[in-house]
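Asks: For reference, the file data_25.tsv (TSV, C-alpha atoms and all ligand atoms) is included below:
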```
chain	number	residue	atom	x	y	z
A	1	MET	CA	52.50	-22.81	290.29
A	2	SER	CA	51.47	-26.19	288.86
A	3	LYS	CA	48.10	-26.58	287.15
A	4	VAL	CA	45.73	-29.55	287.28
A	5	PHE	CA	42.69	-30.12	285.04
A	6	ILE	CA	39.98	-32.46	286.38
A	7	THR	CA	37.06	-33.96	284.46
A	8	GLY	CA	33.96	-34.79	286.51
A	9	VAL	CA	34.97	-31.99	288.91
A	10	ALA	CA	31.36	-31.52	290.07
A	11	GLY	CA	31.10	-35.21	290.96
A	12	PHE	CA	32.09	-37.07	294.11
A	13	LEU	CA	35.70	-38.08	293.49
A	14	GLY	CA	36.57	-35.21	291.15
A	15	SER	CA	35.43	-32.54	293.62
A	16	HIS	CA	37.47	-34.06	296.46
A	17	VAL	CA	40.57	-34.37	294.27
A	18	ALA	CA	40.07	-30.72	293.26
A	19	GLU	CA	39.84	-29.64	296.89
A	20	ARG	CA	43.00	-31.52	297.80
A	21	PHE	CA	45.09	-29.96	295.01
A	22	ARG	CA	43.65	-26.50	295.74
A	23	ASP	CA	44.68	-26.91	299.38
A	24	MET	CA	48.17	-27.90	298.23
A	25	GLY	CA	48.45	-24.57	296.41
A	26	TRP	CA	47.88	-25.78	292.84
A	27	GLU	CA	45.91	-23.91	290.20
A	28	VAL	CA	42.85	-26.15	289.76
A	29	CYS	CA	40.36	-26.18	286.91
A	30	GLY	CA	37.90	-28.66	285.51
A	31	ILE	CA	34.78	-29.53	283.57
A	32	ASP	CA	31.58	-31.45	284.19
A	33	ASN	CA	28.39	-31.81	282.17
A	34	LEU	CA	26.34	-32.04	285.41
A	35	SER	CA	24.65	-35.27	284.33
A	36	GLY	CA	25.64	-36.77	287.68
A	37	GLY	CA	27.39	-33.98	289.59
A	38	ARG	CA	26.25	-30.68	291.07
A	39	SER	CA	27.82	-27.23	290.72
A	40	ALA	CA	27.56	-26.94	294.52
A	41	ASN	CA	30.15	-29.72	294.83
A	42	VAL	CA	32.85	-27.72	293.02
A	43	PRO	CA	35.15	-26.31	295.70
A	44	GLU	CA	35.63	-22.57	295.95
A	45	GLY	CA	38.65	-21.30	294.04
A	46	VAL	CA	38.37	-23.94	291.32
A	47	GLU	CA	37.83	-22.67	287.78
A	48	PHE	CA	34.85	-24.60	286.48
A	49	ASP	CA	33.18	-24.83	283.06
A	50	ILE	CA	30.05	-26.78	282.27
A	51	ALA	CA	31.29	-28.83	279.34
A	52	ASP	CA	30.96	-32.35	277.98
A	53	CYS	CA	34.04	-34.54	277.64
A	54	LEU	CA	32.67	-35.55	274.22
A	55	ASP	CA	32.90	-31.93	273.06
A	56	ARG	CA	36.71	-31.81	272.94
A	57	ALA	CA	37.03	-28.37	271.36
A	58	SER	CA	35.01	-26.74	274.15
A	59	TYR	CA	37.62	-27.41	276.85
A	60	LEU	CA	40.89	-27.18	274.92
A	61	PRO	CA	41.40	-23.57	276.13
A	62	LEU	CA	40.90	-24.61	279.79
A	63	ILE	CA	43.15	-27.67	279.68
A	64	SER	CA	45.90	-25.63	278.02
A	65	GLY	CA	48.95	-25.14	280.27
A	66	SER	CA	48.00	-28.04	282.59
A	67	ASP	CA	50.77	-30.20	284.02
A	68	LEU	CA	48.44	-32.90	285.24
A	69	VAL	CA	45.02	-34.26	284.25
A	70	TYR	CA	42.67	-36.39	286.35
A	71	HIS	CA	40.02	-38.00	284.19
A	72	CYS	CA	37.24	-38.77	286.69
A	73	ALA	CA	34.19	-38.13	284.49
A	74	SER	CA	32.13	-41.16	283.54
A	75	THR	CA	28.59	-42.42	283.78
A	76	ALA	CA	29.81	-44.93	286.37
A	77	TYR	CA	27.02	-47.48	286.15
A	78	ASP	CA	27.91	-51.11	286.70
A	79	GLY	CA	24.44	-52.66	286.77
A	80	LEU	CA	22.67	-50.13	284.54
A	81	SER	CA	25.29	-50.58	281.80
A	82	VAL	CA	23.77	-53.98	281.02
A	83	PHE	CA	20.56	-52.17	280.03
A	84	ALA	CA	21.94	-48.80	278.83
A	85	PRO	CA	25.22	-49.88	277.17
A	86	ALA	CA	25.32	-47.16	274.49
A	87	MET	CA	25.02	-44.31	276.99
A	88	VAL	CA	27.55	-45.81	279.42
A	89	PHE	CA	30.09	-46.75	276.74
A	90	ARG	CA	29.91	-43.30	275.13
A	91	ASN	CA	30.48	-41.40	278.39
A	92	THR	CA	33.21	-43.77	279.51
A	93	ALA	CA	35.26	-45.06	276.54
A	94	GLN	CA	34.54	-42.42	273.89
A	95	ALA	CA	34.84	-39.69	276.53
A	96	THR	CA	38.28	-41.04	277.48
A	97	ALA	CA	39.43	-40.93	273.85
A	98	ASP	CA	38.37	-37.27	273.70
A	99	VAL	CA	39.95	-36.25	277.01
A	100	ALA	CA	43.20	-38.17	276.45
A	101	SER	CA	43.48	-36.68	272.97
A	102	ALA	CA	42.97	-33.15	274.35
A	103	ALA	CA	45.53	-33.79	277.11
A	104	ILE	CA	48.18	-35.05	274.69
A	105	ALA	CA	47.54	-32.19	272.25
A	106	SER	CA	48.07	-29.85	275.24
A	107	ASN	CA	51.37	-31.54	276.22
A	108	VAL	CA	50.37	-32.48	279.78
A	109	ASP	CA	53.06	-34.34	281.74
A	110	ARG	CA	50.85	-36.82	283.60
A	111	PHE	CA	47.41	-38.28	283.02
A	112	VAL	CA	45.60	-40.16	285.79
A	113	TYR	CA	42.75	-42.35	284.64
A	114	CYS	CA	40.10	-43.36	287.18
A	115	SER	CA	39.19	-46.88	286.19
A	116	SER	CA	37.07	-49.28	288.24
A	117	MET	CA	37.22	-52.71	289.83
A	118	ALA	CA	34.66	-53.68	287.17
A	119	ARG	CA	37.80	-54.24	285.02
A	120	TYR	CA	38.31	-57.54	286.88
A	121	GLY	CA	34.84	-58.98	286.22
A	122	ALA	CA	34.30	-62.27	288.07
A	123	LEU	CA	37.95	-63.26	288.58
A	124	SER	CA	38.80	-64.89	291.90
A	125	THR	CA	39.21	-62.50	294.83
A	126	PRO	CA	40.98	-60.56	296.10
A	127	PHE	CA	41.64	-58.91	292.73
A	128	THR	CA	45.31	-58.09	292.22
A	129	GLU	CA	46.74	-55.75	289.61
A	130	GLU	CA	48.77	-58.41	287.80
A	131	MET	CA	45.63	-60.43	286.95
A	132	GLU	CA	44.61	-60.27	283.28
A	133	PRO	CA	41.42	-58.15	283.37
A	134	GLN	CA	38.23	-59.94	282.32
A	135	PRO	CA	35.46	-57.33	282.46
A	136	ALA	CA	32.03	-58.89	282.21
A	137	ASN	CA	29.61	-56.00	281.73
A	138	PRO	CA	29.59	-53.00	279.34
A	139	TYR	CA	30.81	-50.62	282.05
A	140	GLY	CA	33.82	-52.83	282.87
A	141	ILE	CA	34.53	-53.29	279.17
A	142	ALA	CA	34.39	-49.52	278.63
A	143	LYS	CA	36.74	-48.95	281.60
A	144	ARG	CA	39.20	-51.55	280.34
A	145	THR	CA	39.02	-50.12	276.80
A	146	SER	CA	39.72	-46.69	278.25
A	147	GLU	CA	42.78	-47.95	280.12
A	148	GLN	CA	44.12	-49.46	276.90
A	149	LEU	CA	43.44	-46.24	274.98
A	150	VAL	CA	45.29	-44.18	277.60
A	151	GLN	CA	48.24	-46.58	277.65
A	152	SER	CA	48.50	-46.71	273.84
A	153	LEU	CA	48.18	-42.95	273.33
A	154	PHE	CA	50.66	-41.93	276.04
A	155	GLU	CA	53.20	-44.58	275.07
A	156	THR	CA	53.02	-43.38	271.47
A	157	HIS	CA	53.03	-39.63	271.99
A	158	GLY	CA	54.93	-39.13	275.25
A	159	GLY	CA	53.88	-37.94	278.69
A	160	THR	CA	53.18	-40.38	281.51
A	161	TYR	CA	49.97	-41.95	282.78
A	162	SER	CA	48.75	-44.00	285.69
A	163	ILE	CA	45.61	-46.03	286.23
A	164	ALA	CA	43.81	-45.71	289.58
A	165	VAL	CA	41.34	-48.49	290.38
A	166	PRO	CA	39.09	-47.17	293.14
A	167	HIS	CA	36.41	-49.43	294.58
A	168	ASN	CA	33.18	-48.68	296.45
A	169	ILE	CA	34.23	-45.31	297.79
A	170	ILE	CA	31.76	-43.65	300.13
A	171	GLY	CA	31.57	-40.22	301.73
A	172	PRO	CA	29.99	-36.79	301.64
A	173	ARG	CA	29.07	-35.40	298.17
A	174	GLN	CA	28.30	-38.83	296.80
A	175	ARG	CA	25.04	-38.68	294.90
A	176	TYR	CA	22.22	-40.23	296.92
A	177	ASP	CA	19.21	-39.67	294.63
A	178	ASP	CA	20.47	-41.97	291.88
A	179	PRO	CA	18.42	-45.20	291.78
A	180	TYR	CA	21.00	-47.05	289.67
A	181	ARG	CA	24.11	-46.98	291.89
A	182	ASN	CA	25.78	-46.10	295.23
A	183	VAL	CA	24.15	-48.75	297.40
A	184	ALA	CA	25.05	-47.21	300.78
A	185	SER	CA	23.74	-43.77	299.76
A	186	ILE	CA	20.51	-45.26	298.41
A	187	MET	CA	19.92	-47.16	301.65
A	188	ILE	CA	20.58	-44.09	303.81
A	189	ASN	CA	18.34	-41.88	301.68
A	190	ARG	CA	15.51	-44.44	301.85
A	191	MET	CA	15.81	-45.12	305.57
A	192	LEU	CA	15.89	-41.40	306.36
A	193	ARG	CA	12.57	-41.21	304.51
A	194	GLY	CA	11.14	-44.11	306.53
A	195	LEU	CA	11.47	-46.58	303.62
A	196	GLN	CA	12.92	-50.08	303.87
A	197	PRO	CA	16.13	-50.69	301.87
A	198	ILE	CA	15.84	-52.77	298.70
A	199	ILE	CA	18.28	-55.67	298.35
A	200	TYR	CA	18.91	-57.57	295.11
A	201	GLY	CA	19.23	-61.32	295.63
A	202	ASP	CA	19.65	-62.59	299.20
A	203	GLY	CA	22.06	-59.83	300.27
A	204	SER	CA	25.06	-62.15	300.41
A	205	HIS	CA	27.05	-60.22	297.77
A	206	MET	CA	30.32	-59.21	299.44
A	207	ARG	CA	31.94	-55.78	299.06
A	208	CYS	CA	34.64	-53.68	300.72
A	209	PHE	CA	33.94	-49.96	301.15
A	210	SER	CA	36.56	-47.19	301.23
A	211	PHE	CA	36.11	-43.81	302.83
A	212	ILE	CA	36.98	-40.83	300.61
A	213	GLN	CA	39.44	-39.22	303.05
A	214	ASP	CA	41.46	-42.45	303.18
A	215	VAL	CA	41.95	-42.66	299.41
A	216	LEU	CA	42.69	-39.03	298.52
A	217	PHE	CA	46.35	-39.23	299.49
A	218	CYS	CA	46.70	-42.24	297.17
A	219	LEU	CA	44.93	-40.50	294.30
A	220	GLU	CA	47.19	-37.49	294.75
A	221	ARG	CA	50.31	-39.68	294.62
A	222	MET	CA	49.06	-41.37	291.43
A	223	GLY	CA	49.51	-38.01	289.75
A	224	THR	CA	52.60	-36.64	291.45
A	225	THR	CA	55.17	-39.37	292.08
A	226	PRO	CA	57.56	-40.85	289.51
A	227	GLU	CA	57.22	-44.39	290.91
A	228	THR	CA	53.51	-44.51	289.99
A	229	ALA	CA	54.09	-43.67	286.31
A	230	GLY	CA	52.74	-46.44	284.08
A	231	GLU	CA	51.31	-48.29	287.09
A	232	THR	CA	47.82	-49.65	287.69
A	233	ILE	CA	46.96	-49.59	291.40
A	234	ASN	CA	43.86	-50.65	293.36
A	235	ILE	CA	42.81	-47.79	295.61
A	236	GLY	CA	41.00	-48.72	298.81
A	237	PRO	CA	41.03	-51.11	301.76
A	238	ASP	CA	40.89	-54.90	301.89
A	239	GLU	CA	40.28	-55.33	305.61
A	240	GLU	CA	36.56	-55.00	306.30
A	241	VAL	CA	34.65	-57.13	303.79
A	242	ILE	CA	30.91	-56.97	304.36
A	243	SER	CA	27.76	-58.39	302.74
A	244	ILE	CA	25.10	-56.07	301.38
A	245	LEU	CA	22.65	-57.38	304.00
A	246	GLU	CA	25.17	-56.61	306.77
A	247	LEU	CA	25.62	-53.14	305.27
A	248	ALA	CA	21.86	-52.57	305.57
A	249	GLU	CA	22.02	-53.80	309.18
A	250	ARG	CA	24.87	-51.41	310.03
A	251	ILE	CA	23.07	-48.41	308.55
A	252	ALA	CA	19.81	-49.36	310.27
A	253	GLU	CA	21.65	-49.64	313.58
A	254	LEU	CA	23.26	-46.20	313.14
A	255	LEU	CA	19.88	-44.70	312.27
A	256	ASN	CA	17.98	-46.68	314.89
A	257	PHE	CA	15.73	-47.89	312.06
A	258	PRO	CA	13.58	-51.06	312.40
A	259	LEU	CA	15.00	-53.10	309.53
A	260	ASP	CA	12.84	-55.37	307.38
A	261	PRO	CA	14.50	-55.23	303.92
A	262	ILE	CA	12.64	-55.72	300.65
A	263	PHE	CA	14.30	-58.49	298.62
A	264	MET	CA	14.18	-58.30	294.80
A	265	PRO	CA	15.53	-60.75	292.17
A	266	ASP	CA	19.28	-60.67	291.54
A	267	ARG	CA	20.55	-58.39	288.77
A	268	PRO	CA	22.25	-60.05	285.77
A	269	LEU	CA	26.08	-60.03	285.67
A	270	GLU	CA	26.36	-58.81	289.26
A	271	VAL	CA	29.58	-60.16	290.74
A	272	ARG	CA	28.98	-62.04	294.05
A	273	LEU	CA	32.33	-61.41	295.67
A	274	ALA	CA	34.25	-58.29	294.66
A	275	THR	CA	37.22	-57.27	296.76
A	276	CYS	CA	40.59	-55.83	295.77
A	277	SER	CA	43.98	-56.45	297.32
A	278	ALA	CA	45.51	-53.28	298.78
A	279	ASP	CA	49.04	-54.70	298.92
A	280	LYS	CA	50.36	-52.69	295.96
A	281	ALA	CA	48.77	-49.49	297.29
A	282	ARG	CA	50.38	-50.10	300.69
A	283	ARG	CA	53.75	-50.72	299.04
A	284	LEU	CA	53.81	-47.94	296.42
A	285	LEU	CA	51.49	-45.32	297.92
A	286	GLY	CA	51.74	-45.89	301.66
A	287	TYR	CA	48.01	-46.66	301.80
A	288	LYS	CA	46.56	-47.08	305.28
A	289	THR	CA	42.94	-47.44	306.36
A	290	SER	CA	42.22	-44.84	309.04
A	291	THR	CA	38.44	-44.61	308.92
A	292	SER	CA	36.26	-47.51	310.03
A	293	LEU	CA	33.19	-48.37	307.95
A	294	ASN	CA	30.94	-47.19	310.78
A	295	ASP	CA	32.67	-43.80	310.96
A	296	GLY	CA	32.46	-43.45	307.17
A	297	LEU	CA	28.75	-44.27	307.25
A	298	ARG	CA	28.18	-41.80	310.10
A	299	SER	CA	29.79	-39.02	308.08
A	300	MET	CA	27.63	-39.85	305.04
A	301	ILE	CA	24.49	-39.91	307.15
A	302	SER	CA	25.22	-36.43	308.55
A	303	TRP	CA	25.90	-35.10	305.07
A	304	ILE	CA	22.71	-36.55	303.57
A	305	GLU	CA	20.74	-35.27	306.59
A	306	SER	CA	22.22	-31.79	306.09
A	307	GLN	CA	21.28	-31.79	302.38
A	308	GLY	CA	17.87	-33.32	303.01
A	309	PRO	CA	16.79	-36.80	301.92
A	310	THR	CA	14.98	-36.71	298.59
A	311	GLU	CA	13.12	-38.67	295.90
A	312	PHE	CA	15.08	-40.62	293.32
A	313	ASN	CA	15.80	-39.24	289.88
A	314	TYR	CA	15.21	-41.68	286.99
A	315	GLN	CA	17.07	-39.60	284.42
A	316	TRP	CA	18.41	-42.29	282.08
A	317	GLU	CA	16.63	-44.08	279.28
A	318	ILE	CA	16.59	-47.84	279.79
A	319	GLU	CA	17.72	-48.79	276.28
A	320	ILE	CA	17.07	-52.53	276.66
A	321	GLN	CA	13.85	-53.57	278.32
A	322	ASN	CA	13.18	-57.28	278.70
A	323	GLU	CA	12.35	-59.85	281.38
A	324	SER	CA	15.74	-59.41	283.09
A	325	THR	CA	15.52	-55.61	283.38
A	326	PRO	CA	15.15	-54.87	287.12
A	327	LYS	CA	11.55	-53.96	287.95
A	328	THR	CA	12.92	-51.47	290.48
A	329	TRP	CA	14.03	-49.33	287.54
A	330	LEU	CA	11.24	-50.05	285.04
A	331	ASN	CA	8.50	-49.44	287.59
A	332	ARG	CA	10.42	-46.80	289.55
A	333	LEU	CA	10.16	-48.67	292.84
A	334	ILE	CA	13.22	-47.23	294.61
A	401	LIG	N1	33.05	-43.71	293.69
A	401	LIG	C1	33.44	-44.96	293.53
A	401	LIG	O1	33.24	-45.78	294.40
A	401	LIG	C2	34.17	-45.38	292.30
A	401	LIG	C3	34.58	-46.69	292.23
A	401	LIG	C4	35.23	-47.11	291.09
A	401	LIG	C5	35.48	-46.22	290.07
A	401	LIG	N2	35.08	-44.95	290.17
A	401	LIG	C6	35.35	-44.06	289.04
A	401	LIG	O2	35.76	-42.80	289.52
A	401	LIG	C7	35.24	-41.77	288.69
A	401	LIG	C8	34.43	-40.79	289.51
A	401	LIG	O3	33.34	-41.47	290.12
A	401	LIG	P1	32.36	-40.75	291.12
A	401	LIG	O4	31.95	-41.74	292.13
A	401	LIG	O5	32.96	-39.48	291.55
A	401	LIG	O6	31.10	-40.50	290.18
A	401	LIG	P2	30.27	-39.16	289.99
A	401	LIG	O7	29.09	-39.52	289.16
A	401	LIG	O8	30.01	-38.53	291.32
A	401	LIG	O9	31.24	-38.23	289.15
A	401	LIG	C9	31.38	-38.35	287.76
A	401	LIG	C10	31.12	-37.00	287.16
A	401	LIG	O10	31.31	-37.08	285.75
A	401	LIG	C11	30.35	-36.24	285.14
A	401	LIG	N3	30.18	-36.70	283.75
A	401	LIG	C12	29.65	-37.87	283.31
A	401	LIG	N4	29.71	-37.94	281.97
A	401	LIG	C13	30.30	-36.78	281.56
A	401	LIG	C14	30.63	-36.27	280.28
A	401	LIG	N5	30.37	-36.93	279.16
A	401	LIG	N6	31.22	-35.04	280.23
A	401	LIG	C15	31.48	-34.33	281.35
A	401	LIG	N7	31.17	-34.78	282.58
A	401	LIG	C16	30.59	-35.99	282.68
A	401	LIG	C17	29.10	-36.36	285.99
A	401	LIG	O11	28.25	-35.25	285.87
A	401	LIG	C18	29.70	-36.49	287.39
A	401	LIG	O12	29.75	-35.24	288.05
A	401	LIG	C19	34.42	-42.46	287.61
A	401	LIG	O13	35.20	-42.61	286.47
A	401	LIG	C20	34.11	-43.80	288.21
A	401	LIG	O14	33.95	-44.78	287.21
A	401	LIG	C21	34.41	-44.50	291.26
```
Could you render the structure as C-alpha cells?

Replies:
Amino acid sequence: MSKVFITGVAGFLGSHVAERFRDMGWEVCGIDNLSGGRSANVPEGVEFDIADCLDRASYLPLISGSDLVYHCASTAYDGLSVFAPAMVFRNTAQATADVASAAIASNVDRFVYCSSMARYGALSTPFTEEMEPQPANPYGIAKRTSEQLVQSLFETHGGTYSIAVPHNIIGPRQRYDDPYRNVASIMINRMLRGLQPIIYGDGSHMRCFSFIQDVLFCLERMGTTPETAGETINIGPDEEVISILELAERIAELLNFPLDPIFMPDRPLEVRLATCSADKARRLLGYKTSTSLNDGLRSMISWIESQGPTEFNYQWEIEIQNESTPKTWLNRLI
C-alpha cells in the first residue's frame, strides 16, 4: 500500500485530498496545528497528529515511510499578510523549508506544493504558468519563495516535486468564521445571520471560483503522474469570471436575502482582476469544470447551515496598524 503525508490535513483542501487518497486505498496520515482547521474535518481512517510544521522533529516519525507528501498547510492570508507579514511568512515560507526538509530526509518520491495565484501579483490576466511570477504582497512573496525552496531542494537532493496553483476554491469545510479571508463563506455566514455583506471598494474586483470536487482529480494527478513532475499548473476554471458585487447578488438570490451591501474602502495591494488560464490543466490533467458556481454556492450554503452560522473569530494580531489597516479588522466590524 502507498502512503501519503498531508500537512494542513484539518483544513479545507488538505482534508479533501486526504479523503480522496483514503478512498483510493492509500494509507493516509497528516498534521495540522489547528490554527485554521478543525479536527472534525479530518476524515475517518486518517492518522492525524496535532503538530506544527515549524516543529520538524515532532512529525518526522509520522512522515517516515511516505511515498508522497502534499504540503497544504499555510496561513493563507492574501490581504491580511500586508498587515501581519511576520506571521504569514513564517507559516508559509519557513514552514515549507521545514516540511520539505523533513520530506527529503525521509526519502519521499514526490512532493506536491500548494502555492497560490498570489504568485502572479498584478500581471495581466489570464495568468499563465509561463509568466515570470511577480508577487506583490507578503503572502504571494512567501508562496513564491516556497516554490523556489521546493524546486532547489528537490533538484539538489533527488525526488520529484510539482507546484499546484489553486485559486478561489469554495466548498464544504471551508472556514466561514474567519474575518480575513474566504469572501464567499464570509458573505454566506453574514447573510444567514441577517447581516449585509461587506464589500471592499466598489465590488468590481473580478474573480473566478472553483468548486472543490472539480479540482480534487487534478490535485491527485499532481502527485501521482510522471508527466506532472517538475510542473507548475493552475488548478481551477477560467470560464465563469464574476465580480465581487455579482457574487454577493448570487448568494443573496440563493438565500432570498434583500441585498443592500455595505461598501468599505479598498484594501491596499488587492489585485483588481485575478483569473488564471486553465489551458495547461486541461492539457496535462484533463481538467473539466462540472459544477456551476450556483451549484457550488448551494452546496456551501447547506454545509454552513448544517454547522450553524456563527460569529467571526479575530484570532490574529494585526502587527502593523496605520491609516491603511482595514477598519473592518481593527474595529471588528465583520
Ligand atoms: N482554498 C483556496 O482557494 C486556495 C487558493 C489558493 C491557494 N490555496 C493554498 O492551499 C493550501 C490550503 O488552503 P485551504 O484553503 O485549505 O486553507 P485552510 O486554512 O483551510 O487549511 C490550511 C491548514 O493549515 C493549517 N496550518 C497553518 N499553519 C500551520 C502550521 N504552521 N503548522 C501546521 N498546520 C498549519 C491550518 O490550521 C489549516 O487547517 C494553502 O497553502 C493555501 O495557500 C488555497

Asks: May I have the protein, DNA and RNA residues with any atom at most 8 Å from the point (22.4, -45.0, 297.9), counting all atoms listed in the file, written as a PyMOL selection string?

Replies: chain A and resi 175-179+181-190

Asks: What does the distance between CA of Ser277 in chain A and CA of Ser243 in chain A come to in Å, to one decimal place?

Replies: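 Those two atoms sit 17.2 Å apart.
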
Asks: At a cut-off of 7 Å around ligand LIG 401 (chain A), and using all atoms listed in the file, what residues come up? Please write them as a ChimeraX atom specification.

Replies: /A:7-14,31-38,51-54,72-76,91,95,114-117,165-170,174-175

Asks: Find the residues around Ile320 in chain A up to 8 Å (all atoms listed in the file counted), leave out those fewer than 4 positions away in its own chain, and share them as a PyMOL selection string.

Replies: chain A and resi 83-84+325

Asks: Take CA of Ala248 in chain A and CA of Gly236 in chain A and report the distance between them in Å, one decimal.

Replies: 20.7 Å
